[in-house]
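For reference, protein_19.txt is printed below; it contains compact mmCIF, C-alpha atoms.
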# COMPACT_ATOMS: atom_id res chain seq x y z
CA MET A 30 31.98 8.77 -13.70
CA THR A 31 33.12 5.55 -12.06
CA ILE A 32 31.70 2.11 -12.71
CA ALA A 33 30.07 2.00 -9.27
CA SER A 34 28.20 5.27 -9.69
CA SER A 35 27.05 4.47 -13.21
CA ALA A 36 25.87 1.05 -12.04
CA GLN A 37 23.95 2.78 -9.27
CA LEU A 38 22.38 5.18 -11.79
CA ILE A 39 21.38 2.34 -14.09
CA CYS A 40 19.93 0.32 -11.21
CA PHE A 41 17.95 3.33 -10.01
CA THR A 42 16.62 4.04 -13.50
CA VAL A 43 15.52 0.44 -14.08
CA LEU A 44 13.96 0.07 -10.62
CA SER A 45 12.09 3.35 -10.80
CA ALA A 46 10.79 2.52 -14.28
CA VAL A 47 9.50 -0.81 -12.94
CA VAL A 48 7.91 0.95 -9.96
CA ALA A 49 6.20 3.64 -12.05
CA ILE A 50 4.95 1.35 -14.83
CA GLY A 51 3.94 -1.35 -12.34
CA ALA A 52 1.95 1.15 -10.28
CA LEU A 53 0.13 2.31 -13.41
CA GLY A 54 -0.58 -1.33 -14.25
CA VAL A 55 -1.92 -1.99 -10.74
CA VAL A 56 -4.37 0.87 -11.12
CA LEU A 57 -5.33 0.48 -14.78
CA LEU A 58 -5.34 -3.24 -15.66
CA PRO A 59 -8.86 -4.66 -15.97
CA ASN A 60 -7.94 -8.08 -14.55
CA ILE A 61 -7.38 -7.73 -10.82
CA VAL A 62 -5.22 -10.89 -10.55
CA TYR A 63 -2.65 -9.31 -12.86
CA SER A 64 -2.85 -6.18 -10.73
CA ALA A 65 -2.06 -8.17 -7.61
CA PHE A 66 1.00 -9.83 -9.17
CA LEU A 67 2.21 -6.47 -10.53
CA LEU A 68 1.80 -5.09 -7.02
CA GLY A 69 4.23 -7.77 -5.84
CA GLY A 70 6.69 -6.61 -8.51
CA VAL A 71 6.34 -3.02 -7.35
CA PHE A 72 7.02 -4.07 -3.74
CA LEU A 73 10.13 -6.01 -4.82
CA SER A 74 11.42 -3.03 -6.81
CA VAL A 75 10.89 -0.75 -3.84
CA ALA A 76 12.94 -3.21 -1.78
CA GLY A 77 15.66 -2.89 -4.44
CA LEU A 78 15.55 0.89 -4.05
CA TYR A 79 16.06 0.45 -0.30
CA LEU A 80 19.12 -1.69 -1.05
CA LEU A 81 20.44 1.15 -3.22
CA LEU A 82 19.99 3.41 -0.18
CA ASN A 83 22.16 1.06 1.94
CA ALA A 84 19.23 -0.11 4.06
CA SER A 85 19.45 -3.88 3.97
CA PHE A 86 17.29 -4.46 7.08
CA VAL A 87 14.39 -2.36 5.79
CA ALA A 88 14.70 -4.03 2.37
CA ALA A 89 14.43 -7.45 4.02
CA ALA A 90 11.45 -6.26 6.08
CA GLN A 91 9.83 -4.91 2.93
CA VAL A 92 10.23 -8.23 1.13
CA LEU A 93 9.04 -10.27 4.10
CA VAL A 94 6.09 -8.12 5.13
CA TYR A 95 4.86 -6.68 1.84
CA VAL A 96 5.64 -9.42 -0.67
CA GLY A 97 5.35 -12.29 1.78
CA ALA A 98 2.36 -11.19 3.82
CA VAL A 99 0.37 -8.28 2.39
CA ASN A 100 0.53 -9.38 -1.24
CA VAL A 101 -0.37 -12.98 -0.38
CA LEU A 102 -3.24 -11.69 1.76
CA ILE A 103 -4.50 -9.61 -1.17
CA LEU A 104 -4.27 -12.63 -3.47
CA PHE A 105 -6.27 -14.70 -0.98
CA ALA A 106 -8.90 -11.96 -0.77
CA ILE A 107 -9.13 -11.88 -4.57
CA MET A 108 -9.58 -15.65 -4.63
CA LEU A 109 -12.34 -15.41 -2.02
CA VAL A 110 -14.31 -12.57 -3.59
CA ASN A 111 -13.42 -12.87 -7.29
CA LYS A 112 -16.90 -13.21 -8.68
CA LYS A 113 -17.41 -12.12 -12.27
CA GLU A 114 -19.86 -9.29 -12.04
CA ASP A 115 -20.64 -6.69 -14.64
CA LEU A 116 -20.52 -3.37 -12.90
CA SER A 117 -23.47 -1.15 -13.60
CA ALA A 118 -22.68 1.96 -15.58
CA ILE A 119 -22.52 5.23 -13.68
CA PRO A 120 -23.48 8.53 -15.32
CA GLY A 121 -20.57 10.92 -15.61
CA LEU A 122 -17.84 8.33 -15.00
CA GLY A 123 -15.60 9.73 -17.74
CA VAL A 124 -15.91 13.26 -16.41
CA ARG A 125 -15.13 11.99 -12.93
CA ARG A 126 -12.01 10.17 -14.14
CA LEU A 127 -10.82 13.25 -16.03
CA LEU A 128 -11.45 15.56 -13.07
CA SER A 129 -9.70 13.29 -10.58
CA GLY A 130 -6.85 12.85 -13.08
CA ALA A 131 -6.50 16.62 -13.27
CA VAL A 132 -6.48 16.89 -9.49
CA CYS A 133 -3.81 14.16 -9.24
CA ALA A 134 -1.72 15.85 -11.95
CA GLY A 135 -1.96 19.09 -10.00
CA LEU A 136 -0.86 17.31 -6.82
CA PHE A 137 2.02 15.75 -8.76
CA ALA A 138 3.11 19.17 -10.10
CA LEU A 139 2.94 20.61 -6.58
CA LEU A 140 5.04 17.77 -5.13
CA LEU A 141 7.61 18.09 -7.94
CA ARG A 142 7.83 21.85 -7.38
CA VAL A 143 8.42 21.32 -3.67
CA ALA A 144 11.06 18.67 -4.38
CA PHE A 145 12.98 20.74 -6.92
CA THR A 146 12.77 24.24 -5.42
CA THR A 147 13.53 23.43 -1.78
CA PRO A 148 17.23 23.97 -1.02
CA TRP A 149 17.89 20.56 0.56
CA ALA A 150 20.92 20.49 2.87
CA THR A 151 22.68 17.82 0.79
CA PRO A 152 25.14 16.29 1.28
CA GLY A 153 24.15 15.69 4.87
CA PRO A 154 26.14 13.73 7.44
CA GLU A 155 28.09 10.73 6.17
CA PRO A 156 25.66 7.76 5.92
CA VAL A 157 26.30 4.89 8.32
CA GLY A 158 26.05 2.37 5.49
CA GLU A 159 26.35 -1.20 6.65
CA GLU A 160 25.86 -0.31 10.33
CA ALA A 161 22.26 0.69 9.66
CA THR A 162 20.83 -2.49 11.16
CA ILE A 163 22.78 -1.94 14.41
CA ARG A 164 21.55 1.66 14.58
CA ILE A 165 17.95 0.59 14.02
CA GLY A 166 18.26 -1.91 16.86
CA GLU A 167 19.68 0.75 19.16
CA HIS A 168 16.84 3.11 18.26
CA LEU A 169 14.16 0.47 18.80
CA PHE A 170 15.44 -0.36 22.28
CA SER A 171 16.24 3.15 23.48
CA ASP A 172 14.41 6.22 22.24
CA TYR A 173 11.73 4.41 20.20
CA LEU A 174 10.99 1.76 22.85
CA LEU A 175 7.44 2.94 23.57
CA PRO A 176 6.32 2.99 19.91
CA PHE A 177 7.97 -0.40 19.47
CA GLU A 178 5.94 -1.91 22.31
CA LEU A 179 2.78 -0.14 21.15
CA ALA A 180 3.31 -1.66 17.70
CA SER A 181 3.13 -5.12 19.23
CA VAL A 182 -0.16 -4.22 20.95
CA LEU A 183 -1.44 -2.80 17.64
CA LEU A 184 -0.54 -5.99 15.78
CA LEU A 185 -2.31 -8.10 18.42
CA MET A 186 -5.42 -5.92 18.15
CA ALA A 187 -5.35 -6.08 14.36
CA MET A 188 -4.97 -9.86 14.43
CA ILE A 189 -7.88 -10.40 16.82
CA GLY A 190 -9.98 -7.82 14.99
CA ALA A 191 -9.35 -9.45 11.61
CA ILE A 192 -10.30 -12.86 12.97
CA VAL A 193 -13.49 -11.53 14.56
CA LEU A 194 -14.49 -9.63 11.42
CA ALA A 195 -13.73 -12.36 8.91
CA ARG A 196 -14.88 -15.52 10.67
CA ARG A 197 -18.23 -17.06 10.00
CA ASP A 198 -20.63 -17.97 12.76
CA VAL A 199 -19.79 -21.42 14.07
CA LEU A 200 -23.14 -22.14 15.69
CA THR A 201 -24.58 -25.41 14.44
CA ALA A 202 -28.18 -24.31 14.87
CA ASP A 203 -29.96 -21.03 14.40
CA ILE A 204 -30.70 -19.54 17.81
CA ALA A 205 -34.12 -18.14 16.87
CA THR A 206 -35.60 -20.97 14.82
CA GLY A 207 -33.60 -24.02 15.87
CA GLU A 208 -32.91 -24.94 12.24
CA PRO A 209 -29.41 -26.12 11.24
CA ALA A 210 -27.21 -23.14 10.42
CA ASP A 211 -25.59 -22.68 7.02
CA GLN A 212 -21.93 -23.73 7.31
CA GLY A 213 -21.03 -23.29 3.63
CA LEU A 214 -18.16 -21.41 2.10
CA ILE A 215 -18.47 -17.82 1.05
CA GLU A 216 -18.87 -18.66 -2.63
CA LYS A 217 -21.97 -20.71 -1.95
CA SER A 218 -25.14 -18.88 -2.83
CA ARG A 219 -27.37 -17.94 0.07
CA THR A 220 -29.80 -15.19 0.81
CA PRO A 221 -27.75 -12.09 1.50
CA LEU A 222 -28.61 -10.06 4.55
CA LEU A 223 -28.45 -6.51 3.33
CA LEU A 224 -29.28 -6.58 -0.37
CA GLU A 225 -30.62 -3.40 -1.84
CA LYS A 226 -34.37 -3.18 -2.06
CA THR A 227 -34.25 -2.34 -5.76
CA ASN A 228 -33.31 -5.83 -6.90
CA MET B 193 19.70 24.35 -14.91
CA ASN B 194 22.39 21.99 -16.13
CA LEU B 195 21.27 19.09 -18.26
CA GLU B 196 24.33 16.92 -17.60
CA LEU B 197 23.77 13.49 -16.15
CA PRO B 198 24.51 13.58 -12.40
CA THR B 199 27.25 11.28 -11.13
CA THR B 200 25.15 9.99 -8.23
CA VAL B 201 21.41 9.60 -7.83
CA PRO B 202 20.15 12.93 -6.44
CA LEU B 203 17.65 13.18 -3.61
CA GLN B 204 15.16 14.84 -5.98
CA ALA B 205 15.01 11.68 -8.14
CA TYR B 206 13.73 9.66 -5.18
CA LEU B 207 11.24 12.41 -4.30
CA ALA B 208 9.96 12.54 -7.90
CA LEU B 209 9.55 8.76 -7.98
CA ALA B 210 7.64 8.85 -4.71
CA ALA B 211 5.43 11.64 -6.10
CA ILE B 212 4.62 9.53 -9.18
CA LEU B 213 3.77 6.54 -6.99
CA PHE B 214 1.65 8.60 -4.59
CA CYS B 215 -0.36 10.31 -7.34
CA THR B 216 -0.98 6.98 -9.08
CA GLY B 217 -2.22 5.61 -5.76
CA VAL B 218 -4.53 8.59 -5.18
CA TRP B 219 -6.00 8.26 -8.68
CA GLY B 220 -6.56 4.54 -8.20
CA LEU B 221 -8.10 5.12 -4.77
CA ILE B 222 -10.64 7.55 -6.23
CA ASN B 223 -11.47 5.70 -9.44
CA SER B 224 -11.40 2.00 -8.59
CA ARG B 225 -14.72 0.20 -8.63
CA ASN B 226 -13.25 -2.99 -7.12
CA ALA B 227 -12.73 -2.79 -3.36
CA VAL B 228 -9.59 -4.96 -3.48
CA ARG B 229 -8.01 -2.52 -5.92
CA VAL B 230 -8.74 0.32 -3.49
CA LEU B 231 -6.73 -1.53 -0.84
CA MET B 232 -3.90 -2.03 -3.34
CA SER B 233 -3.90 1.71 -4.08
CA ILE B 234 -3.57 2.43 -0.37
CA GLU B 235 -0.53 0.12 -0.26
CA LEU B 236 0.98 2.04 -3.20
CA MET B 237 0.55 5.33 -1.35
CA LEU B 238 2.12 3.90 1.81
CA ASN B 239 5.08 2.71 -0.25
CA ALA B 240 5.51 6.18 -1.73
CA VAL B 241 5.68 7.62 1.78
CA ASN B 242 8.22 4.94 2.73
CA ILE B 243 10.44 5.82 -0.24
CA ASN B 244 10.37 9.46 0.84
CA LEU B 245 11.28 8.56 4.44
CA MET B 246 14.13 6.30 3.33
CA ALA B 247 15.55 8.88 0.92
CA PHE B 248 15.51 11.62 3.55
CA SER B 249 17.02 9.25 6.09
CA SER B 250 19.87 8.39 3.76
CA TYR B 251 20.59 11.86 2.33
CA LEU B 252 19.87 14.23 5.24
CA ASP B 253 20.07 12.11 8.40
CA GLY B 254 22.83 9.66 7.59
CA GLN B 255 24.07 9.17 11.15
CA LEU B 256 20.84 8.70 13.13
CA ILE B 257 18.70 7.14 10.31
CA ARG B 258 15.46 7.96 12.11
CA GLY B 259 13.70 7.69 8.77
CA GLN B 260 14.47 3.98 8.58
CA VAL B 261 12.96 3.43 12.04
CA PHE B 262 9.85 5.31 10.91
CA THR B 263 9.70 3.13 7.81
CA ILE B 264 9.72 0.01 10.00
CA PHE B 265 6.76 1.39 11.95
CA VAL B 266 4.92 2.35 8.76
CA ILE B 267 5.41 -1.18 7.42
CA THR B 268 4.02 -2.58 10.69
CA VAL B 269 0.95 -0.37 10.59
CA ALA B 270 0.45 -1.12 6.88
CA ALA B 271 0.43 -4.85 7.59
CA ALA B 272 -2.18 -4.38 10.33
CA GLU B 273 -4.22 -2.13 8.04
CA ALA B 274 -4.16 -4.66 5.21
CA ALA B 275 -5.32 -7.47 7.51
CA VAL B 276 -8.20 -5.49 8.98
CA GLY B 277 -9.15 -3.96 5.62
CA LEU B 278 -9.36 -7.32 3.91
CA ALA B 279 -11.36 -8.75 6.82
CA ILE B 280 -13.83 -5.86 6.49
CA LEU B 281 -13.94 -6.52 2.74
CA LEU B 282 -14.75 -10.20 3.28
CA SER B 283 -17.46 -9.30 5.76
CA LEU B 284 -18.93 -6.77 3.32
CA TYR B 285 -18.82 -9.28 0.49
CA ARG B 286 -20.63 -11.82 2.63
CA ASN B 287 -23.44 -9.38 3.32
CA ARG B 288 -23.74 -7.54 0.00
CA GLU B 289 -22.45 -10.19 -2.46
CA THR B 290 -20.52 -7.57 -4.41
CA VAL B 291 -17.16 -5.81 -4.38
CA ASP B 292 -18.42 -2.75 -6.26
CA MET B 293 -17.53 0.38 -4.32
CA GLU B 294 -20.58 2.18 -5.73
CA ARG B 295 -22.92 -0.23 -3.98
CA PHE B 296 -21.37 0.06 -0.52
CA ASN B 297 -23.73 2.92 0.27
CA LEU B 298 -25.53 1.81 3.42
CA LEU B 299 -24.29 4.83 5.37
CA ARG B 300 -25.19 7.31 2.65
CA TRP B 301 -28.19 9.52 3.30

Full structure transcribed into structure tokens:
Amino acid sequence: MTIASSAQLICFTVLSAVVAIGALGVVLLPNIVYSAFLLGGVFLSVAGLYLLLNASFVAAAQVLVYVGAVNVLILFAIMLVNKKEDLSAIPGLGVRRLLSGAVCAGLFALLLRVAFTTPWATPGPEPVGEEATIRIGEHLFSDYLLPFELASVLLLMAMIGAIVLARRDVLTADIATGEPADQGLIEKSRTPLLLEKTN
Amino acid sequence: MNLELPTTVPLQAYLALAAILFCTGVWGLINSRNAVRVLMSIELMLNAVNINLMAFSSYLDGQLIRGQVFTIFVITVAAAEAAVGLAILLSLYRNRETVDMERFNLLRW
């Protein structure tokens, strides 16, 4: 075993341990702020795994998009909606957790069986290694040109849709009554529109 | 089955890691009460799929690396999904004043 291969093994072991434990923490930790920061750690470790697979461009995209955009967006959402509320107890919650855990364990066993019994055609063709970025560029501007352009349309639609969904009404007066409209922040208390009739 | 340590990371190790990540995400998706945590679980599942695509691209499709192109598209769609999902969450929070998934039941019978 050479130094390079053992270093690769050690890196993979450490990164996958961080990914697995971090994912469990994201799901199980009671404080959601810790979950969000752990999620950033998981994203960074996944980017490290991509570097191990010789995919520097995808690793950079992972860091920029997931850690830089998605994780920050999630943190902002937590800051906007993080109200301490005691969740009402649900009957049969423990049974539900156990049952769904059993289903997920079964899915995990199935996936592992597929992964370890399928005769994968490894080793495949020689990996391109450092030329991966050039190949991705060639793909994006030749045979994947249509999905590439559609992705830009999708991003535009998502951006406009997010703005329309998340913005507050900017009218200064209520149309029906003529009274000044409430321009406060989300945290400010006001009469909610669709509260349940029970409380 | 030989129990010796392999000299390189096998493809199955990546697949097993992705399976762990995906199942954790599914469990969190089902059991989370907080709506933000549900969105985080979805991101975990998308990352598991990305790891699978990248591993297959590197081990089985080393010359054309179509898996990496797919991963780029999945990352794009995941970013759009996160933006729209969190906007929906904010809108829900404004109207219901809660993030409890059990109380988002307006469309239930």

* Which neighbours of Tyr173 in chain A fall inside 12 Å, counting only C-alpha atoms, when residues of the same chain fewer than 2 positions from it are skipped, and could you give them as a ChimeraX atom specification? -> /A:164-171,175-180 /B:258,260-262,264-265

* Structure fact -> For chain B, the closest of A:Ile39, A:Leu80, A:Leu174, A:Leu53 counting all atoms listed in the file is A:Leu53

* **Counting all atoms listed in the file, the option among A:Gly135, A:Pro120, A:Gly158, A:Gly153 closest to chain B** =>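 Under the stated criterion, the closest residue is A:Gly153.
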
* **Atomic separation - CA of Leu213 in chain B relative to CA of Ala49 in chain A, Å** => 6.3 Å

* Asked: So which residues touch Ala210 in chain B within 9 Å, counting all atoms listed in the file, skipping near sequence neighbours fewer than 6 positions away, as a list in words?
  ->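 Once the nearby chain positions are removed, what remains is Met237, Asn239, Ala240, Val241, Asn242, Ile243 and Asn244 of chain B.
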
Enclose range 112-119 of chain A, meaning all of its atoms listed in the file, in a box aligned along x, y and z, pad it by 5 Å on each side, and list the centre and edge lengths in Å to one decimal, as lines of an AutoDock Vina configuration file.
center_x = -20.2
center_y = -4.0
center_z = -12.1
size_x = 16.6
size_y = 28.4
size_z = 16.9

* Using CA of Arg225 in chain B and CA of Pro59 in chain A as the two end points, give the distance in Å to one decimal. =>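 Between CA of Arg225 in chain B and CA of Pro59 in chain A the gap is 10.6 Å.
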